[in-house]
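Asks: First the structure, then my questions, so here it is.
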Amino acid sequence: MPRTQRNDNFIDKTFTVMADIILKILPTKQSSKEAFAYYRDGMSAQADGEYAEAMENYIEALKLEEDPNDRSYILYNIGLIHTSNGEHEKALEKYFEAVELNPRMPQAFNNIAVIYHFRGEREKAAGNADEAEEWFDKAASYWKEAVRLAPNNYIEAQNWMKTTGRGSVDGI
């Protein structure tokens with residue numbers, strides 16, 4: 001039974017019913033409709049912390065989805081799961097794939113920066129100041145792109161860049 005048929009949340013049920021109606025009336029290819037159904041089930045599973053189930057759904061969605069923009073969001077969500085599992089290399093790979101398909105995705109740039117910042121903090125704690133600075137510089141470059149795309153978001157990153165001399169709030 002698909003996840004959306006066993007969801008007990010009223011809001012999720014309402015969304016599912018509306019999405020199903022829209023899918024039926026939109027003049028799109030059957031494969032796109034099926035991809036969306038897998039994507040929707042993946043999002044639901046991910047929200048419930050069922051990462052393995054979410055991943056299965058996202059992989060099926062990727063097999064069917066042809067639209068680059070839609071594929072970018074699927075890849076982004078796969079990256080989120082890898083990040084949640086501590087698999088940063090796999091996460092970075094998916095985030096980079098996502099921004100290659102959709103270079104206007106600030107959340108992917110932000111998540112790349114977060115992973116790079118984490119690596120910088122880890123190197124700093126290990127006493128590797130030069131390596132830490134390299135990771136922090138990389139993080140700043142991706143945060144700058146995220147902020148350029150979404151200027152009212154990522155305030156903490158903007159403050160960090162300002163206080164570390166890697167950018168200012170106005171001149172990012």
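Starting from 1 in every chain, residues are counted up; chains themselves are A, B, ... following the order of the structure tokens, and ligands are numbered from 1 as listed.
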If you run DSSP on the backbone here, which positions in region 61-111 of chain A get helix (DSSP H, G or I)? Please write them as a PyMOL selection string.
Replies: chain A and resi 61-64+68-84+88-101+106-111
Asks: What lies within 12 Å of Trp160 (chain A) using only C-alpha atoms, ignoring chain neighbours under 4 positions off, as a ChimeraX atom specification?
Replies: /A:113-114,117,136-137,139-140,143-144,154-156,164-169,172
Asks: Output the selection as a CSV table (one decimal), in the first residue's frame - all heavy atoms for each residue.
Replies:
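Written file, again08.csv:
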```
chain,number,residue,atom,x,y,z
A,113,ALA,N,27.8,24.5,2.0
A,113,ALA,CA,28.5,25.3,2.9
A,113,ALA,C,28.5,24.8,4.3
A,113,ALA,O,29.6,24.8,5.0
A,113,ALA,CB,28.0,26.8,2.9
A,114,VAL,N,27.4,24.3,4.8
A,114,VAL,CA,27.3,23.7,6.1
A,114,VAL,C,28.3,22.5,6.3
A,114,VAL,O,29.0,22.4,7.3
A,114,VAL,CB,25.9,23.3,6.5
A,114,VAL,CG1,25.8,22.5,7.7
A,114,VAL,CG2,25.0,24.5,6.6
A,117,HIS,N,31.8,23.9,6.4
A,117,HIS,CA,32.0,24.6,7.7
A,117,HIS,C,32.3,23.5,8.8
A,117,HIS,O,33.2,23.7,9.6
A,117,HIS,CB,30.8,25.5,8.0
A,117,HIS,CG,31.1,26.3,9.3
A,117,HIS,ND1,30.7,25.8,10.5
A,117,HIS,CD2,31.6,27.5,9.5
A,117,HIS,CE1,31.0,26.7,11.4
A,117,HIS,NE2,31.6,27.7,10.8
A,136,PHE,N,36.8,26.7,5.7
A,136,PHE,CA,36.0,27.9,6.0
A,136,PHE,C,35.8,28.8,4.8
A,136,PHE,O,34.8,29.3,4.5
A,136,PHE,CB,36.5,28.7,7.2
A,136,PHE,CG,36.4,28.0,8.5
A,136,PHE,CD1,37.4,28.1,9.5
A,136,PHE,CD2,35.3,27.1,8.8
A,136,PHE,CE1,37.3,27.5,10.8
A,136,PHE,CE2,35.2,26.5,10.1
A,136,PHE,CZ,36.2,26.7,11.0
A,137,ASP,N,36.9,29.0,4.1
A,137,ASP,CA,36.9,29.8,2.8
A,137,ASP,C,35.9,29.1,1.8
A,137,ASP,O,35.2,29.8,1.1
A,137,ASP,CB,38.2,30.0,2.2
A,137,ASP,CG,39.1,30.9,3.1
A,137,ASP,OD1,38.6,31.7,3.9
A,137,ASP,OD2,40.4,30.9,2.9
A,139,ALA,N,33.4,27.2,2.5
A,139,ALA,CA,32.1,27.3,3.0
A,139,ALA,C,31.6,28.7,2.7
A,139,ALA,O,30.4,28.9,2.3
A,139,ALA,CB,32.1,27.1,4.6
A,140,ALA,N,32.4,29.7,2.9
A,140,ALA,CA,32.0,31.1,2.7
A,140,ALA,C,31.6,31.3,1.2
A,140,ALA,O,30.6,32.0,0.9
A,140,ALA,CB,33.1,32.1,3.1
A,143,TRP,N,28.2,29.9,0.8
A,143,TRP,CA,27.2,30.7,1.5
A,143,TRP,C,26.9,32.0,0.7
A,143,TRP,O,25.8,32.5,0.7
A,143,TRP,CB,27.6,31.0,2.9
A,143,TRP,CG,27.0,30.0,3.9
A,143,TRP,CD1,25.8,29.4,3.8
A,143,TRP,CD2,27.6,29.4,5.0
A,143,TRP,NE1,25.6,28.5,4.8
A,143,TRP,CE2,26.7,28.5,5.6
A,143,TRP,CE3,28.9,29.6,5.6
A,143,TRP,CZ2,27.0,27.8,6.8
A,143,TRP,CZ3,29.2,28.9,6.8
A,143,TRP,CH2,28.2,28.0,7.3
A,144,LYS,N,28.0,32.6,0.2
A,144,LYS,CA,27.8,33.8,-0.6
A,144,LYS,C,26.8,33.6,-1.8
A,144,LYS,O,25.9,34.4,-2.0
A,144,LYS,CB,29.1,34.3,-1.2
A,144,LYS,CG,30.0,34.9,-0.1
A,144,LYS,CD,31.3,35.4,-0.7
A,144,LYS,CE,32.2,35.9,0.4
A,144,LYS,NZ,33.5,36.3,-0.1
A,154,TYR,N,19.5,32.8,5.6
A,154,TYR,CA,20.9,32.4,6.0
A,154,TYR,C,21.6,33.6,6.8
A,154,TYR,O,22.7,33.9,6.6
A,154,TYR,CB,21.7,32.0,4.8
A,154,TYR,CG,21.0,31.0,3.9
A,154,TYR,CD1,20.6,31.4,2.6
A,154,TYR,CD2,20.6,29.8,4.4
A,154,TYR,CE1,19.9,30.5,1.9
A,154,TYR,CE2,19.8,28.9,3.7
A,154,TYR,CZ,19.5,29.3,2.4
A,154,TYR,OH,18.7,28.4,1.6
A,155,ILE,N,20.8,34.1,7.7
A,155,ILE,CA,21.3,35.3,8.5
A,155,ILE,C,22.5,34.8,9.4
A,155,ILE,O,23.5,35.6,9.5
A,155,ILE,CB,20.2,35.8,9.4
A,155,ILE,CG1,19.0,36.3,8.6
A,155,ILE,CG2,20.7,37.0,10.3
A,155,ILE,CD1,19.3,37.3,7.5
A,156,GLU,N,22.5,33.7,9.9
A,156,GLU,CA,23.6,33.2,10.8
A,156,GLU,C,24.9,33.1,9.9
A,156,GLU,O,26.0,33.4,10.3
A,156,GLU,CB,23.3,31.9,11.4
A,156,GLU,CG,22.3,32.0,12.6
A,156,GLU,CD,22.1,30.6,13.2
A,156,GLU,OE1,23.0,29.8,13.3
A,156,GLU,OE2,20.9,30.4,13.6
A,164,THR,N,34.0,36.9,10.6
A,164,THR,CA,35.3,36.2,10.2
A,164,THR,C,36.0,36.9,9.1
A,164,THR,O,37.1,36.5,8.7
A,164,THR,CB,35.1,34.8,9.9
A,164,THR,OG1,34.2,34.7,8.7
A,164,THR,CG2,34.5,34.0,11.0
A,165,GLY,N,35.4,38.0,8.6
A,165,GLY,CA,36.1,38.8,7.5
A,165,GLY,C,36.0,38.1,6.2
A,165,GLY,O,36.7,38.4,5.2
A,166,ARG,N,35.0,37.2,6.0
A,166,ARG,CA,34.9,36.5,4.7
A,166,ARG,C,33.8,37.1,3.9
A,166,ARG,O,33.4,36.6,2.8
A,166,ARG,CB,34.6,35.0,5.0
A,166,ARG,CG,35.8,34.3,5.5
A,166,ARG,CD,35.5,32.8,5.7
A,166,ARG,NE,36.7,32.1,6.0
A,166,ARG,CZ,37.3,32.0,7.2
A,166,ARG,NH1,36.8,32.6,8.2
A,166,ARG,NH2,38.4,31.3,7.3
A,167,GLY,N,33.2,38.2,4.3
A,167,GLY,CA,32.1,38.8,3.5
A,167,GLY,C,31.4,39.7,4.5
A,167,GLY,O,31.4,39.6,5.7
A,168,SER,N,30.7,40.7,3.9
A,168,SER,CA,29.9,41.6,4.7
A,168,SER,C,28.4,41.3,4.4
A,168,SER,O,28.1,40.8,3.3
A,168,SER,CB,30.2,43.0,4.5
A,168,SER,OG,29.9,43.4,3.2
A,169,VAL,N,27.5,41.8,5.2
A,169,VAL,CA,26.1,41.6,4.9
A,169,VAL,C,25.7,42.3,3.6
A,169,VAL,O,25.0,41.8,2.8
A,169,VAL,CB,25.3,42.2,6.1
A,169,VAL,CG1,23.8,42.1,5.8
A,169,VAL,CG2,25.6,41.4,7.4
A,172,ILE,N,28.1,40.8,0.1
A,172,ILE,CA,28.3,39.4,-0.2
A,172,ILE,C,28.0,39.2,-1.6
A,172,ILE,O,28.7,38.7,-2.4
A,172,ILE,CB,27.3,38.6,0.7
A,172,ILE,CG1,27.7,38.7,2.1
A,172,ILE,CG2,27.3,37.1,0.2
A,172,ILE,CD1,26.8,38.0,3.1
```
Asks: List the spatial neighbours of Pro103 (chain A) as a count of residues only - criterion: any atom at most 10 Å away, only C-alpha atoms, same-chain residues fewer than 4 positions off excluded.
Replies: 10
Asks: In Å, rounded to a single decimal, give me how far CA of Gln46 (chain A) is from CA of Glu100 (chain A).
Replies: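 Calculated distance between CA of Glu100 (chain A) and CA of Gln46 (chain A) is 23.4 Å.
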Asks: Can you work out which one of A:Ile112, A:Ala146, A:Leu64, A:Met55 has the shortest atom-to-atom distance to Gln158 (chain A), counting only C-alpha atoms?
Replies: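 Ranking A:Ile112, A:Ala146, A:Leu64, A:Met55 by distance to Gln158 (chain A), first place goes to A:Ala146.
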Asks: Tell me, in Å to one decimal, how far CA of Ala61 (chain A) is from CA of His88 (chain A).
Replies: 22.2 Å
Asks: Hey, can you check how far CA of Lys94 (chain A) sits from CA of Tyr142 (chain A)?
Replies: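 Between CA of Lys94 (chain A) and CA of Tyr142 (chain A) the gap is 15.1 Å.
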Asks: Got a sec: who's within 10 Å of region 127-132 of chain A, counting only C-alpha atoms, leaving out chain neighbours fewer than 6 positions off, as a ChimeraX atom specification?
Replies: /A:116-121,138
Asks: Please identify all polymer residues within 12 Å of Ile78 (chain A), counting only C-alpha atoms, omitting same-chain residues fewer than 4 positions from it, and present them as a short mmCIF file (atom, residue, chain, number, x, y, z; two decimals) with N, CA, C and O atoms, in the first residue's frame.
Replies:
```cif
data_model
loop_
_atom_site.label_atom_id
_atom_site.label_comp_id
_atom_site.auth_asym_id
_atom_site.auth_seq_id
_atom_site.Cartn_x
_atom_site.Cartn_y
_atom_site.Cartn_z
N TYR A 39 7.91 10.82 -5.57
CA TYR A 39 8.52 11.94 -4.86
C TYR A 39 7.68 12.32 -3.63
O TYR A 39 8.22 12.49 -2.54
N GLY A 42 8.12 9.80 -1.05
CA GLY A 42 9.45 9.97 -0.46
C GLY A 42 9.47 11.09 0.56
O GLY A 42 10.05 10.94 1.64
N MET A 43 8.83 12.20 0.22
CA MET A 43 8.78 13.32 1.17
C MET A 43 8.04 12.93 2.44
O MET A 43 8.46 13.30 3.54
N GLN A 46 10.29 10.65 4.44
CA GLN A 46 11.39 11.42 5.00
C GLN A 46 10.92 12.23 6.21
O GLN A 46 11.61 12.29 7.23
N TYR A 51 14.01 6.99 6.45
CA TYR A 51 14.94 7.38 5.40
C TYR A 51 15.13 6.31 4.33
O TYR A 51 15.28 6.64 3.16
N ALA A 52 15.16 5.05 4.72
CA ALA A 52 15.34 4.00 3.72
C ALA A 52 14.16 3.98 2.76
O ALA A 52 14.34 3.88 1.54
N GLU A 53 12.97 4.09 3.29
CA GLU A 53 11.77 4.13 2.44
C GLU A 53 11.77 5.37 1.55
O GLU A 53 11.43 5.31 0.37
N ALA A 54 12.15 6.50 2.13
CA ALA A 54 12.21 7.74 1.36
C ALA A 54 13.21 7.60 0.22
O ALA A 54 12.92 7.98 -0.92
N MET A 55 14.37 7.04 0.52
CA MET A 55 15.40 6.87 -0.50
C MET A 55 14.90 5.99 -1.64
O MET A 55 15.12 6.31 -2.82
N GLU A 56 14.23 4.91 -1.32
CA GLU A 56 13.68 4.03 -2.36
C GLU A 56 12.73 4.80 -3.27
O GLU A 56 12.77 4.65 -4.49
N ASN A 57 11.88 5.61 -2.67
CA ASN A 57 10.92 6.40 -3.46
C ASN A 57 11.63 7.44 -4.32
O ASN A 57 11.28 7.62 -5.49
N TYR A 58 12.63 8.11 -3.77
CA TYR A 58 13.36 9.12 -4.54
C TYR A 58 14.10 8.48 -5.72
O TYR A 58 14.15 9.04 -6.81
N ILE A 59 14.67 7.32 -5.50
CA ILE A 59 15.39 6.64 -6.58
C ILE A 59 14.42 6.27 -7.70
O ILE A 59 14.73 6.44 -8.88
N GLU A 60 13.24 5.80 -7.34
CA GLU A 60 12.23 5.48 -8.35
C GLU A 60 11.79 6.76 -9.08
O GLU A 60 11.61 6.75 -10.30
N ALA A 61 11.64 7.84 -8.35
CA ALA A 61 11.25 9.12 -8.96
C ALA A 61 12.31 9.57 -9.95
O ALA A 61 11.99 10.05 -11.04
N LEU A 62 13.58 9.42 -9.58
CA LEU A 62 14.67 9.82 -10.48
C LEU A 62 14.68 9.01 -11.77
O LEU A 62 15.02 9.54 -12.83
N ARG A 71 14.09 17.09 -11.12
CA ARG A 71 15.17 16.16 -10.75
C ARG A 71 16.07 16.80 -9.69
O ARG A 71 16.55 16.13 -8.78
N SER A 72 16.28 18.12 -9.79
CA SER A 72 17.16 18.79 -8.82
C SER A 72 16.60 18.69 -7.41
O SER A 72 17.36 18.51 -6.46
N TYR A 73 15.29 18.78 -7.27
CA TYR A 73 14.68 18.67 -5.93
C TYR A 73 14.74 17.25 -5.40
O TYR A 73 14.92 17.04 -4.19
N ILE A 74 14.61 16.29 -6.28
CA ILE A 74 14.76 14.89 -5.85
C ILE A 74 16.19 14.66 -5.36
O ILE A 74 16.41 14.10 -4.28
N HIS A 82 21.37 11.66 3.01
CA HIS A 82 22.78 11.31 3.24
C HIS A 82 23.38 12.19 4.34
O HIS A 82 24.14 11.68 5.18
N THR A 83 23.03 13.47 4.35
CA THR A 83 23.52 14.35 5.41
C THR A 83 23.03 13.87 6.77
O THR A 83 23.82 13.79 7.73
N SER A 84 21.76 13.54 6.87
CA SER A 84 21.20 13.06 8.13
C SER A 84 21.88 11.79 8.61
O SER A 84 21.99 11.55 9.81
N ASN A 85 22.35 10.99 7.66
CA ASN A 85 23.03 9.74 8.01
C ASN A 85 24.53 9.93 8.21
O ASN A 85 25.25 8.95 8.40
N GLU A 87 26.66 10.84 5.96
CA GLU A 87 27.38 10.46 4.74
C GLU A 87 27.62 11.71 3.91
O GLU A 87 26.99 11.94 2.88
N HIS A 88 28.57 12.52 4.37
CA HIS A 88 28.76 13.84 3.78
C HIS A 88 29.26 13.80 2.35
O HIS A 88 28.86 14.65 1.54
N LYS A 90 28.60 11.54 0.02
CA LYS A 90 27.44 11.22 -0.81
C LYS A 90 26.48 12.41 -0.87
O LYS A 90 25.91 12.69 -1.93
N ALA A 91 26.31 13.09 0.25
CA ALA A 91 25.44 14.26 0.28
C ALA A 91 25.96 15.34 -0.65
O ALA A 91 25.20 15.90 -1.46
N LEU A 92 27.25 15.62 -0.56
CA LEU A 92 27.85 16.65 -1.43
C LEU A 92 27.65 16.30 -2.90
O LEU A 92 27.31 17.16 -3.72
N GLU A 93 27.84 15.03 -3.23
CA GLU A 93 27.65 14.60 -4.62
C GLU A 93 26.23 14.94 -5.10
O GLU A 93 26.05 15.47 -6.20
N LYS A 94 25.24 14.67 -4.28
CA LYS A 94 23.85 14.92 -4.68
C LYS A 94 23.55 16.42 -4.72
O LYS A 94 22.84 16.89 -5.61
N TYR A 95 24.09 17.18 -3.76
CA TYR A 95 23.88 18.63 -3.78
C TYR A 95 24.50 19.25 -5.03
O TYR A 95 23.90 20.12 -5.67
N PHE A 96 25.70 18.79 -5.40
CA PHE A 96 26.35 19.32 -6.61
C PHE A 96 25.56 18.94 -7.86
O PHE A 96 25.42 19.74 -8.78
N GLU A 97 25.04 17.73 -7.90
CA GLU A 97 24.19 17.34 -9.03
C GLU A 97 22.95 18.22 -9.10
O GLU A 97 22.52 18.62 -10.19
N ALA A 98 22.38 18.51 -7.93
CA ALA A 98 21.18 19.35 -7.88
C ALA A 98 21.45 20.75 -8.42
O ALA A 98 20.68 21.26 -9.24
N ALA A 108 20.58 24.17 -1.55
CA ALA A 108 21.66 23.23 -1.83
C ALA A 108 23.02 23.90 -1.60
O ALA A 108 23.93 23.29 -1.02
#
```
